[in-house]
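Visitor: Sending over start-v6.cif (mmCIF, C-alpha atoms).
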data_run
#
loop_
_atom_site.group_PDB
_atom_site.id
_atom_site.type_symbol
_atom_site.label_atom_id
_atom_site.label_comp_id
_atom_site.auth_asym_id
_atom_site.auth_seq_id
_atom_site.Cartn_x
_atom_site.Cartn_y
_atom_site.Cartn_z
ATOM 1 C CA MET A 606 -9.841 9.002 2.940
ATOM 2 C CA GLN A 607 -11.505 6.447 5.183
ATOM 3 C CA VAL A 608 -12.002 6.946 8.896
ATOM 4 C CA VAL A 609 -13.246 3.863 10.699
ATOM 5 C CA LEU A 610 -13.513 3.040 14.383
ATOM 6 C CA ILE A 611 -10.827 4.404 16.696
ATOM 7 C CA VAL A 612 -8.691 7.103 15.136
ATOM 8 C CA ALA A 613 -4.912 7.149 15.253
ATOM 9 C CA SER A 614 -3.142 10.285 14.119
ATOM 10 C CA SER A 615 0.399 11.549 13.874
ATOM 11 C CA LYS A 616 2.000 14.956 13.543
ATOM 12 C CA THR A 617 5.517 15.206 12.269
ATOM 13 C CA GLY A 618 7.996 17.969 12.886
ATOM 14 C CA LEU A 619 9.024 18.849 9.348
ATOM 15 C CA GLY A 620 12.638 19.830 9.381
ATOM 16 C CA GLY A 621 12.314 20.015 13.157
ATOM 17 C CA MET A 622 10.374 23.244 12.754
ATOM 18 C CA VAL A 623 6.664 22.488 12.579
ATOM 19 C CA ALA A 624 4.810 23.979 15.496
ATOM 20 C CA LYS A 625 1.288 22.717 14.836
ATOM 21 C CA GLY A 626 -1.299 22.030 12.159
ATOM 22 C CA ASN A 627 0.570 19.366 10.236
ATOM 23 C CA PRO A 628 -1.626 17.202 7.994
ATOM 24 C CA PHE A 629 -2.493 13.866 9.542
ATOM 25 C CA PHE A 630 -4.006 10.626 8.386
ATOM 26 C CA TYR A 631 -6.265 8.068 9.959
ATOM 27 C CA VAL A 632 -5.899 4.313 10.214
ATOM 28 C CA THR A 633 -8.397 1.722 11.313
ATOM 29 C CA ILE A 634 -9.128 -0.533 14.263
ATOM 30 C CA GLY A 635 -7.364 1.108 17.124
ATOM 31 C CA LEU A 636 -4.197 2.928 18.013
ATOM 32 C CA LEU A 637 -0.921 1.568 16.676
ATOM 33 C CA VAL A 638 0.693 -0.134 19.639
ATOM 34 C CA VAL A 639 3.767 -2.291 20.000
ATOM 35 C CA CYS A 640 2.780 -5.938 19.870
ATOM 36 C CA LEU A 641 4.279 -6.853 23.209
ATOM 37 C CA VAL A 642 3.052 -10.428 22.892
ATOM 38 C CA LEU A 643 5.902 -11.030 20.462
ATOM 39 C CA GLY A 644 8.286 -10.684 23.361
ATOM 40 C CA VAL A 645 6.974 -13.971 24.706
ATOM 41 C CA LEU A 646 8.664 -15.764 21.821
ATOM 42 C CA ALA A 647 12.047 -14.971 23.297
ATOM 43 C CA PHE A 648 11.198 -16.781 26.511
ATOM 44 C CA ASN A 649 11.619 -20.174 24.856
ATOM 45 C CA SER A 650 15.406 -19.748 24.853
ATOM 46 C CA PRO A 651 17.509 -20.938 27.848
ATOM 47 C CA THR A 652 18.231 -18.458 30.635
ATOM 48 C CA ALA A 653 21.688 -16.913 30.693
ATOM 49 C CA ASP A 654 22.366 -18.611 34.039
ATOM 50 C CA PRO A 655 21.169 -22.263 34.004
ATOM 51 C CA ALA A 656 21.470 -22.398 37.783
ATOM 52 C CA ALA A 657 18.909 -19.608 38.106
ATOM 53 C CA GLY A 658 16.019 -21.837 37.063
ATOM 54 C CA ASN A 659 13.789 -21.747 33.975
ATOM 55 C CA ASN A 660 11.368 -19.162 35.377
ATOM 56 C CA ILE A 661 13.977 -16.584 36.442
ATOM 57 C CA ILE A 662 15.041 -14.123 33.738
ATOM 58 C CA ALA A 663 17.051 -11.648 35.823
ATOM 59 C CA MET A 664 18.606 -11.186 39.247
ATOM 60 C CA VAL A 665 18.772 -7.787 40.962
ATOM 61 C CA ASN A 666 21.351 -8.331 43.692
ATOM 62 C CA ASP A 667 19.836 -11.458 45.262
ATOM 63 C CA GLU A 668 16.241 -10.753 44.216
ATOM 64 C CA PRO A 669 14.880 -12.571 41.107
ATOM 65 C CA ILE A 670 12.624 -11.292 38.346
ATOM 66 C CA THR A 671 10.568 -14.121 36.872
ATOM 67 C CA LYS A 672 9.048 -14.701 33.452
ATOM 68 C CA ASP A 673 5.611 -14.685 35.051
ATOM 69 C CA GLU A 674 6.202 -11.204 36.483
ATOM 70 C CA LEU A 675 7.390 -9.897 33.127
ATOM 71 C CA LEU A 676 4.434 -11.450 31.318
ATOM 72 C CA ALA A 677 2.054 -9.764 33.760
ATOM 73 C CA GLU A 678 3.705 -6.394 33.065
ATOM 74 C CA LEU A 679 3.524 -6.970 29.312
ATOM 75 C CA LYS A 680 -0.185 -7.708 29.544
ATOM 76 C CA ASN A 681 -0.729 -4.530 31.558
ATOM 77 C CA ALA A 682 1.303 -2.506 29.049
ATOM 78 C CA GLY A 683 -0.841 -3.329 26.053
ATOM 79 C CA ALA A 684 -0.855 -6.962 24.992
ATOM 80 C CA GLN A 685 -4.583 -7.261 25.709
ATOM 81 C CA ALA A 686 -5.342 -4.121 23.695
ATOM 82 C CA GLU A 687 -3.313 -5.454 20.789
ATOM 83 C CA LEU A 688 -5.093 -8.797 20.942
ATOM 84 C CA ASP A 689 -8.465 -7.019 20.947
ATOM 85 C CA ARG A 690 -7.405 -5.133 17.828
ATOM 86 C CA MET A 691 -6.399 -8.383 16.141
ATOM 87 C CA ILE A 692 -9.727 -9.988 17.070
ATOM 88 C CA SER A 693 -11.595 -7.036 15.565
ATOM 89 C CA GLU A 694 -9.563 -7.265 12.378
ATOM 90 C CA ARG A 695 -10.256 -10.992 12.075
ATOM 91 C CA LEU A 696 -13.991 -10.451 12.576
ATOM 92 C CA ILE A 697 -14.068 -7.802 9.857
ATOM 93 C CA MET A 698 -12.245 -10.062 7.410
ATOM 94 C CA GLN A 699 -14.610 -12.936 8.205
ATOM 95 C CA GLU A 700 -17.692 -10.755 7.667
ATOM 96 C CA ALA A 701 -16.256 -9.417 4.400
ATOM 97 C CA ALA A 702 -15.565 -12.970 3.194
ATOM 98 C CA LYS A 703 -19.146 -14.039 3.988
ATOM 99 C CA MET A 704 -20.499 -11.080 2.004
ATOM 100 C CA GLY A 705 -18.048 -11.466 -0.876
ATOM 101 C CA VAL A 706 -16.482 -8.048 -0.198
ATOM 102 C CA THR A 707 -12.974 -7.596 -1.591
ATOM 103 C CA VAL A 708 -10.656 -4.634 -2.139
ATOM 104 C CA THR A 709 -8.857 -4.301 -5.459
ATOM 105 C CA GLU A 710 -5.320 -2.966 -5.829
ATOM 106 C CA ASP A 711 -6.685 -0.031 -7.834
ATOM 107 C CA ARG A 712 -9.141 0.895 -5.067
ATOM 108 C CA LEU A 713 -6.421 0.622 -2.437
ATOM 109 C CA GLN A 714 -4.033 2.775 -4.449
ATOM 110 C CA GLU A 715 -6.777 5.374 -4.854
ATOM 111 C CA GLU A 716 -6.954 5.683 -1.061
ATOM 112 C CA ILE A 717 -3.176 5.918 -0.728
ATOM 113 C CA ASP A 718 -3.189 8.711 -3.320
ATOM 114 C CA LYS A 719 -5.888 10.583 -1.367
ATOM 115 C CA ILE A 720 -3.763 10.428 1.760
ATOM 116 C CA LYS A 721 -0.668 11.616 -0.072
ATOM 117 C CA GLU A 722 -2.611 14.605 -1.425
ATOM 118 C CA GLN A 723 -2.940 15.895 2.150
ATOM 119 C CA PHE A 724 0.811 16.328 2.379
ATOM 120 C CA SER A 725 2.812 19.025 0.695
ATOM 121 C CA SER A 726 5.472 16.609 -0.556
ATOM 122 C CA GLU A 727 6.421 12.932 -0.759
ATOM 123 C CA TRP A 728 9.037 13.310 1.955
ATOM 124 C CA GLU A 729 6.468 14.821 4.343
ATOM 125 C CA TYR A 730 4.263 11.772 3.747
ATOM 126 C CA THR A 731 7.099 9.302 4.320
ATOM 127 C CA THR A 732 8.361 11.240 7.339
ATOM 128 C CA THR A 733 4.894 11.144 8.893
ATOM 129 C CA LEU A 734 4.787 7.385 8.387
ATOM 130 C CA SER A 735 8.201 7.072 9.992
ATOM 131 C CA TYR A 736 7.270 9.158 13.025
ATOM 132 C CA SER A 737 4.151 6.991 13.393
ATOM 133 C CA ASN A 738 6.284 3.829 13.438
ATOM 134 C CA MET A 739 4.463 2.728 10.296
ATOM 135 C CA THR A 740 5.352 1.567 6.842
ATOM 136 C CA GLU A 741 3.209 1.975 3.767
ATOM 137 C CA ASP A 742 2.529 -1.778 3.855
ATOM 138 C CA ILE A 743 1.053 -1.461 7.361
ATOM 139 C CA LEU A 744 -0.981 1.543 6.263
ATOM 140 C CA LYS A 745 -2.333 -0.469 3.325
ATOM 141 C CA GLU A 746 -3.362 -3.297 5.647
ATOM 142 C CA ARG A 747 -5.361 -0.838 7.770
ATOM 143 C CA LEU A 748 -6.904 0.782 4.712
ATOM 144 C CA VAL A 749 -8.039 -2.583 3.349
ATOM 145 C CA LEU A 750 -10.000 -3.096 6.563
ATOM 146 C CA ASN A 751 -11.411 0.441 6.311
ATOM 147 C CA LEU A 752 -12.599 -0.170 2.789
ATOM 148 C CA MET A 753 -14.146 -3.520 3.707
ATOM 149 C CA VAL A 754 -16.134 -1.887 6.522
ATOM 150 C CA GLU A 755 -17.216 0.963 4.263
ATOM 151 C CA GLU A 756 -18.392 -1.427 1.563
ATOM 152 C CA ILE A 757 -20.380 -3.456 4.091
ATOM 153 C CA LEU A 758 -22.037 -0.456 5.779
ATOM 154 C CA LYS A 759 -22.229 2.301 3.153
ATOM 155 C CA GLU A 760 -25.859 1.650 2.212
ATOM 156 C CA ARG A 761 -26.856 2.246 5.828
ATOM 157 C CA VAL A 762 -25.202 5.697 6.009
ATOM 158 C CA GLU A 763 -27.367 8.699 5.159
ATOM 159 C CA VAL A 764 -26.177 12.300 4.776
ATOM 160 C CA THR A 765 -28.775 14.913 3.807
ATOM 161 C CA GLU A 766 -28.251 18.068 1.779
ATOM 162 C CA GLU A 767 -29.468 20.088 4.749
ATOM 163 C CA GLN A 768 -26.753 18.554 6.942
ATOM 164 C CA VAL A 769 -24.108 19.344 4.338
ATOM 165 C CA ARG A 770 -25.146 22.997 4.035
ATOM 166 C CA GLN A 771 -25.386 23.474 7.791
ATOM 167 C CA TYR A 772 -21.947 21.969 8.392
ATOM 168 C CA PHE A 773 -20.460 24.208 5.703
ATOM 169 C CA GLU A 774 -21.952 27.349 7.246
ATOM 170 C CA ASP A 775 -20.796 26.344 10.720
ATOM 171 C CA ASN A 776 -17.236 25.610 9.550
ATOM 172 C CA LYS A 777 -16.901 27.891 6.551
ATOM 173 C CA ASP A 778 -13.437 29.207 7.328
ATOM 174 C CA ASP A 779 -12.060 25.672 7.487
ATOM 175 C CA PHE A 780 -12.738 25.319 3.758
ATOM 176 C CA ALA A 781 -11.261 28.653 2.726
ATOM 177 C CA GLN A 782 -7.955 28.732 0.875
ATOM 178 C CA GLN A 783 -5.576 29.982 3.536
ATOM 179 C CA GLU A 784 -2.544 32.065 2.717
ATOM 180 C CA GLU A 785 0.354 29.699 2.027
ATOM 181 C CA VAL A 786 3.910 29.852 0.804
ATOM 182 C CA HIS A 787 6.026 27.232 -0.962
ATOM 183 C CA ALA A 788 9.618 27.426 0.251
ATOM 184 C CA ARG A 789 12.961 25.678 0.297
ATOM 185 C CA HIS A 790 15.564 26.125 2.976
ATOM 186 C CA ILE A 791 19.166 25.353 3.798
ATOM 187 C CA LEU A 792 19.870 24.867 7.507
ATOM 188 C CA LEU A 793 23.375 25.649 8.806
ATOM 189 C CA SER A 794 24.883 25.279 12.270
ATOM 190 C CA THR A 795 26.613 28.658 12.476
ATOM 191 C CA GLU A 796 26.009 32.179 11.222
ATOM 192 C CA GLU A 797 29.398 32.131 9.497
ATOM 193 C CA GLU A 798 28.410 29.080 7.446
ATOM 194 C CA ALA A 799 25.070 30.654 6.568
ATOM 195 C CA ILE A 800 26.740 33.878 5.374
ATOM 196 C CA GLU A 801 29.127 31.860 3.213
ATOM 197 C CA VAL A 802 26.278 29.830 1.652
ATOM 198 C CA LYS A 803 24.295 33.013 0.957
ATOM 199 C CA ARG A 804 27.361 34.502 -0.759
ATOM 200 C CA LEU A 805 27.666 31.434 -3.007
ATOM 201 C CA LEU A 806 23.968 31.590 -3.866
ATOM 202 C CA ASP A 807 24.295 35.267 -4.763
ATOM 203 C CA GLN A 808 27.120 34.271 -7.105
ATOM 204 C CA GLY A 809 24.824 31.871 -8.968
ATOM 205 C CA GLU A 810 25.097 28.530 -7.154
ATOM 206 C CA ASP A 811 21.971 26.374 -7.465
ATOM 207 C CA PHE A 812 19.830 26.464 -4.302
ATOM 208 C CA ALA A 813 18.675 22.821 -4.448
ATOM 209 C CA THR A 814 22.205 21.595 -5.030
ATOM 210 C CA MET A 815 23.524 23.635 -2.115
ATOM 211 C CA ALA A 816 20.762 22.244 0.107
ATOM 212 C CA LYS A 817 21.782 18.687 -0.754
ATOM 213 C CA GLU A 818 25.434 19.417 -0.105
ATOM 214 C CA ARG A 819 25.329 21.748 2.907
ATOM 215 C CA SER A 820 21.986 21.598 4.753
ATOM 216 C CA THR A 821 21.974 19.904 8.151
ATOM 217 C CA ASP A 822 18.231 19.258 7.857
ATOM 218 C CA THR A 823 18.490 15.698 6.595
ATOM 219 C CA SER A 824 14.703 15.275 6.485
ATOM 220 C CA ASN A 825 14.526 17.297 3.257
ATOM 221 C CA SER A 826 18.072 17.988 2.075
ATOM 222 C CA GLU A 827 17.853 15.257 -0.560
ATOM 223 C CA GLN A 828 14.791 17.047 -1.942
ATOM 224 C CA GLY A 829 16.815 20.236 -2.295
ATOM 225 C CA GLY A 830 15.456 21.615 0.980
ATOM 226 C CA ASP A 831 11.892 21.566 -0.360
ATOM 227 C CA LEU A 832 9.310 22.193 2.387
ATOM 228 C CA GLY A 833 6.327 22.312 0.041
ATOM 229 C CA PHE A 834 3.425 24.677 0.749
ATOM 230 C CA PHE A 835 2.694 25.608 4.356
ATOM 231 C CA GLY A 836 0.411 28.079 6.102
ATOM 232 C CA ARG A 837 0.889 30.340 9.082
ATOM 233 C CA GLY A 838 1.381 28.674 12.446
ATOM 234 C CA ARG A 839 3.273 25.729 10.987
ATOM 235 C CA MET A 840 6.900 26.812 11.313
ATOM 236 C CA ALA A 841 9.071 28.524 13.894
ATOM 237 C CA GLN A 842 7.924 32.144 14.142
ATOM 238 C CA GLU A 843 11.176 33.704 12.875
ATOM 239 C CA PHE A 844 11.218 31.332 9.910
ATOM 240 C CA GLU A 845 7.563 31.977 9.101
ATOM 241 C CA ASP A 846 7.915 35.770 9.293
ATOM 242 C CA ALA A 847 10.842 35.719 6.877
ATOM 243 C CA ALA A 848 9.242 33.274 4.432
ATOM 244 C CA PHE A 849 5.952 35.153 4.106
ATOM 245 C CA LYS A 850 7.755 38.466 3.488
ATOM 246 C CA LEU A 851 9.772 37.115 0.553
ATOM 247 C CA GLN A 852 8.601 37.449 -3.032
ATOM 248 C CA ILE A 853 8.490 34.465 -5.396
ATOM 249 C CA GLY A 854 12.040 33.621 -6.474
ATOM 250 C CA GLU A 855 13.616 35.708 -3.704
ATOM 251 C CA THR A 856 16.216 34.302 -1.278
ATOM 252 C CA SER A 857 16.558 35.466 2.327
ATOM 253 C CA ASN A 858 19.582 36.489 4.323
ATOM 254 C CA PRO A 859 20.421 34.099 7.193
ATOM 255 C CA VAL A 860 17.442 33.659 9.532
ATOM 256 C CA SER A 861 18.166 32.551 13.096
ATOM 257 C CA THR A 862 15.867 30.100 14.912
ATOM 258 C CA ALA A 863 16.359 27.646 17.765
ATOM 259 C CA PHE A 864 17.398 25.076 15.145
ATOM 260 C CA GLY A 865 20.211 27.056 13.559
ATOM 261 C CA TYR A 866 20.570 29.480 10.654
ATOM 262 C CA HIS A 867 18.319 29.178 7.615
ATOM 263 C CA ILE A 868 18.601 30.444 4.074
ATOM 264 C CA ILE A 869 15.066 30.492 2.639
ATOM 265 C CA LYS A 870 13.935 30.621 -0.974
ATOM 266 C CA VAL A 871 10.267 31.123 -1.908
ATOM 267 C CA GLU A 872 9.046 29.108 -4.881
ATOM 268 C CA GLY A 873 5.369 30.058 -4.902
ATOM 269 C CA LYS A 874 2.464 31.591 -2.998
ATOM 270 C CA LYS A 875 -1.274 31.057 -2.510
ATOM 271 C CA GLU A 876 -3.467 33.960 -1.474
ATOM 272 C CA TYR A 877 -6.425 33.716 0.926
ATOM 273 C CA ALA A 878 -9.718 32.964 -0.822
ATOM 274 C CA GLU A 879 -13.124 32.655 0.860
ATOM 275 C CA ALA A 880 -14.803 29.265 0.660
ATOM 276 C CA ARG A 881 -17.641 28.641 -1.801
ATOM 277 C CA PHE A 882 -20.252 25.980 -1.053
ATOM 278 C CA ASP A 883 -20.164 24.487 -4.546
ATOM 279 C CA ASP A 884 -16.408 23.974 -4.260
ATOM 280 C CA ALA A 885 -16.577 22.511 -0.752
ATOM 281 C CA ARG A 886 -19.730 20.414 -1.047
ATOM 282 C CA ASP A 887 -18.040 17.098 -1.872
ATOM 283 C CA ASP A 888 -15.503 17.523 0.923
ATOM 284 C CA VAL A 889 -18.211 18.361 3.449
ATOM 285 C CA HIS A 890 -20.279 15.373 2.364
ATOM 286 C CA GLU A 891 -17.248 13.110 2.783
ATOM 287 C CA ILE A 892 -16.596 14.444 6.299
ATOM 288 C CA LEU A 893 -20.183 13.848 7.383
ATOM 289 C CA PHE A 894 -20.258 10.448 5.694
ATOM 290 C CA GLN A 895 -17.122 9.366 7.557
ATOM 291 C CA GLU A 896 -18.437 10.661 10.886
ATOM 292 C CA ALA A 897 -21.649 8.693 10.427
ATOM 293 C CA LEU A 898 -19.700 5.655 9.243
ATOM 294 C CA ASN A 899 -17.455 5.813 12.332
ATOM 295 C CA SER A 900 -20.440 5.762 14.655
ATOM 296 C CA LEU A 901 -22.184 3.001 12.749
ATOM 297 C CA ALA A 902 -18.999 0.927 12.507
ATOM 298 C CA MET A 903 -18.528 0.987 16.280
ATOM 299 C CA GLU A 904 -22.074 -0.284 16.764
ATOM 300 C CA TRP A 905 -21.675 -2.882 14.026
ATOM 301 C CA LEU A 906 -18.389 -4.203 15.396
ATOM 302 C CA SER A 907 -19.893 -4.489 18.882
ATOM 303 C CA GLU A 908 -22.804 -6.386 17.346
ATOM 304 C CA ILE A 909 -20.687 -8.928 15.462
ATOM 305 C CA ARG A 910 -18.393 -9.411 18.463
ATOM 306 C CA GLY A 911 -21.448 -10.196 20.565
ATOM 307 C CA LYS A 912 -22.519 -12.891 18.109
ATOM 308 C CA ALA A 913 -19.045 -14.372 17.612
ATOM 309 C CA ASN A 914 -17.582 -17.302 19.529
ATOM 310 C CA ILE A 915 -14.442 -15.646 20.930
ATOM 311 C CA ARG A 916 -12.211 -17.443 23.429
ATOM 312 C CA ASN A 917 -9.599 -15.107 24.874
ATOM 313 C CA TYR A 918 -6.942 -17.245 26.545
ATOM 314 C CA LEU A 919 -4.598 -14.328 27.196
ATOM 315 C CA SER A 920 -6.970 -12.768 29.735
ATOM 316 C CA SER A 921 -7.150 -16.015 31.687
ATOM 317 C CA ASN A 922 -3.376 -16.547 31.939
#
Take the structure in the file and write it out as structure tokens.
Guide:
Amino acid sequence: MQVVLIVASSKTGLGGMVAKGNPFFYVTIGLLVVCLVLGVLAFNSPTADPAAGNNIIAMVNDEPITKDELLAELKNAGAQAELDRMISERLIMQEAAKMGVTVTEDRLQEEIDKIKEQFSSEWEYTTTLSYSNMTEDILKERLVLNLMVEEILKERVEVTEEQVRQYFEDNKDDFAQQEEVHARHILLSTEEEAIEVKRLLDQGEDFATMAKERSTDTSNSEQGGDLGFFGRGRMAQEFEDAAFKLQIGETSNPVSTAFGYHIIKVEGKKEYAEARFDDARDDVHEILFQEALNSLAMEWLSEIRGKANIRNYLSSN
């Protein structure tokens, strides 16, 4: 996965229960901000009160708020930052065009697939996008820019074997296979409902079907309550304790958390395994490559901005 320039990340509360450690992805060229400039487009319409004058957009008792005042607030709230991001994007695309750098659909899809692999399920991926106020189309636009920058600068990035080995030794536990459990759950509002659902499951009702029909956790009910694999520290403590005690195929009694009452079913488990350098080498190299690329990309972007003829009219208004 590419990491270029300023990082933007997002953590989603899966099923409203994730405490920390959720996978996250990076996008390029600055934090995702609301493009407040678009609000200016609305100012071309007539004011609600023609007698108020073209520059007045609201009256608070007898005190007016003008378009100029609102525009000044919009600029302070992020319009300039958004414009800077757009300028950077345009510069990258211009440099890529001059060098004949393009990104194929296959290459782009490869990056999307890498990002999806970081998530335990498709719904976790789409939920993370949603919580980030992103769509996959926006993500693809950012990734295209990432890949252009990488193609332009990759020959200037050097990562030595010594650096790779040292980073692995310094961060060895990060590459170990942590203990994880793959679980489904059904979330109910009351203990009485949870007891009734558990009784039906004990009588042979299908867990996934019951999750679709009865679970109040709409973020995963359509997936049969599937939470995918997760490690310790990710879920509410009571939920986590119950899930890790269950055996594969076993279903819990109602488990109470701040979110309601859960029925949990364990689908699979992964045991802790110490990291081996040969297994982690490629991942470590990629981390160091991206760190070096980030630093180089910042310098490169500053360089091409310095050479470009940029006229910023927003800052002068």
Visitor: Identify, on the basis of only C-alpha atoms, every residue whose closest approach to segment 700-714 of chain A does not exceed 10 Å; exclude the query and any residue fewer than 5 positions from it along the same chain; express the result as a PyMOL selection string.
Guide: chain A and resi 695+719-720+745-746+748-754+756-757+909
Visitor: Using all atoms listed in the file, collect all residues at a distance of at most 9 Å from (-20.8, 1.6, 11.8) as written in the file, then present them as a PyMOL selection string.
Guide: chain A and resi 609-610+754-755+758-759+761-762+897-906
Visitor: Would you compute the distance between atom CA of Trp728 of chain A and atom CA of Leu832 of chain A? Give it in Å to one decimal.
Guide: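 Computing it gives 8.9 Å between the two atoms.
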Visitor: Leaving out Val786 of chain A and any residue of its chain fewer than 5 positions from it, which residues lie within 12 Å of it when counting only C-alpha atoms, given as a count of residues only?
Guide: 31
Visitor: Under the rule that only C-alpha atoms are counted, which of A:Gln782, A:Ser693, A:Asn858, A:Asn917 is the nearest residue to Glu798 of chain A?
Guide: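 Result for the nearest residue to Glu798 of chain A: A:Asn858.
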Visitor: Leaving out Ala880 of chain A and any residue of its chain fewer than 3 positions from it, which residues lie within 9 Å of it when counting only C-alpha atoms, given as a list in words?
Guide: Lys777, Asp778, Asp779, Phe780, Ala781, Gln782, Asp883, Asp884 and Ala885 of chain A
Visitor: What does the structure give for the distance between atom CA of Val860 of chain A and atom CA of Lys817 of chain A, in Å to one decimal?
Guide: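 Between atom CA of Val860 of chain A and atom CA of Lys817 of chain A the gap works out to 18.7 Å.
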Visitor: A:Glu843, A:Asp822, A:Asp689, A:Glu810: which is nearest Ile915 of chain A, counting all atoms listed in the file?
Guide: A:Asp689
Visitor: Neighbouring residues of Arg770 of chain A were defined as those with any atom within 12 Å, considering all atoms listed in the file; residues of the same chain fewer than 6 positions away were excluded. Please report them as a PyMOL selection string.
Guide: chain A and resi 764+776-777+881-883+885-890+893
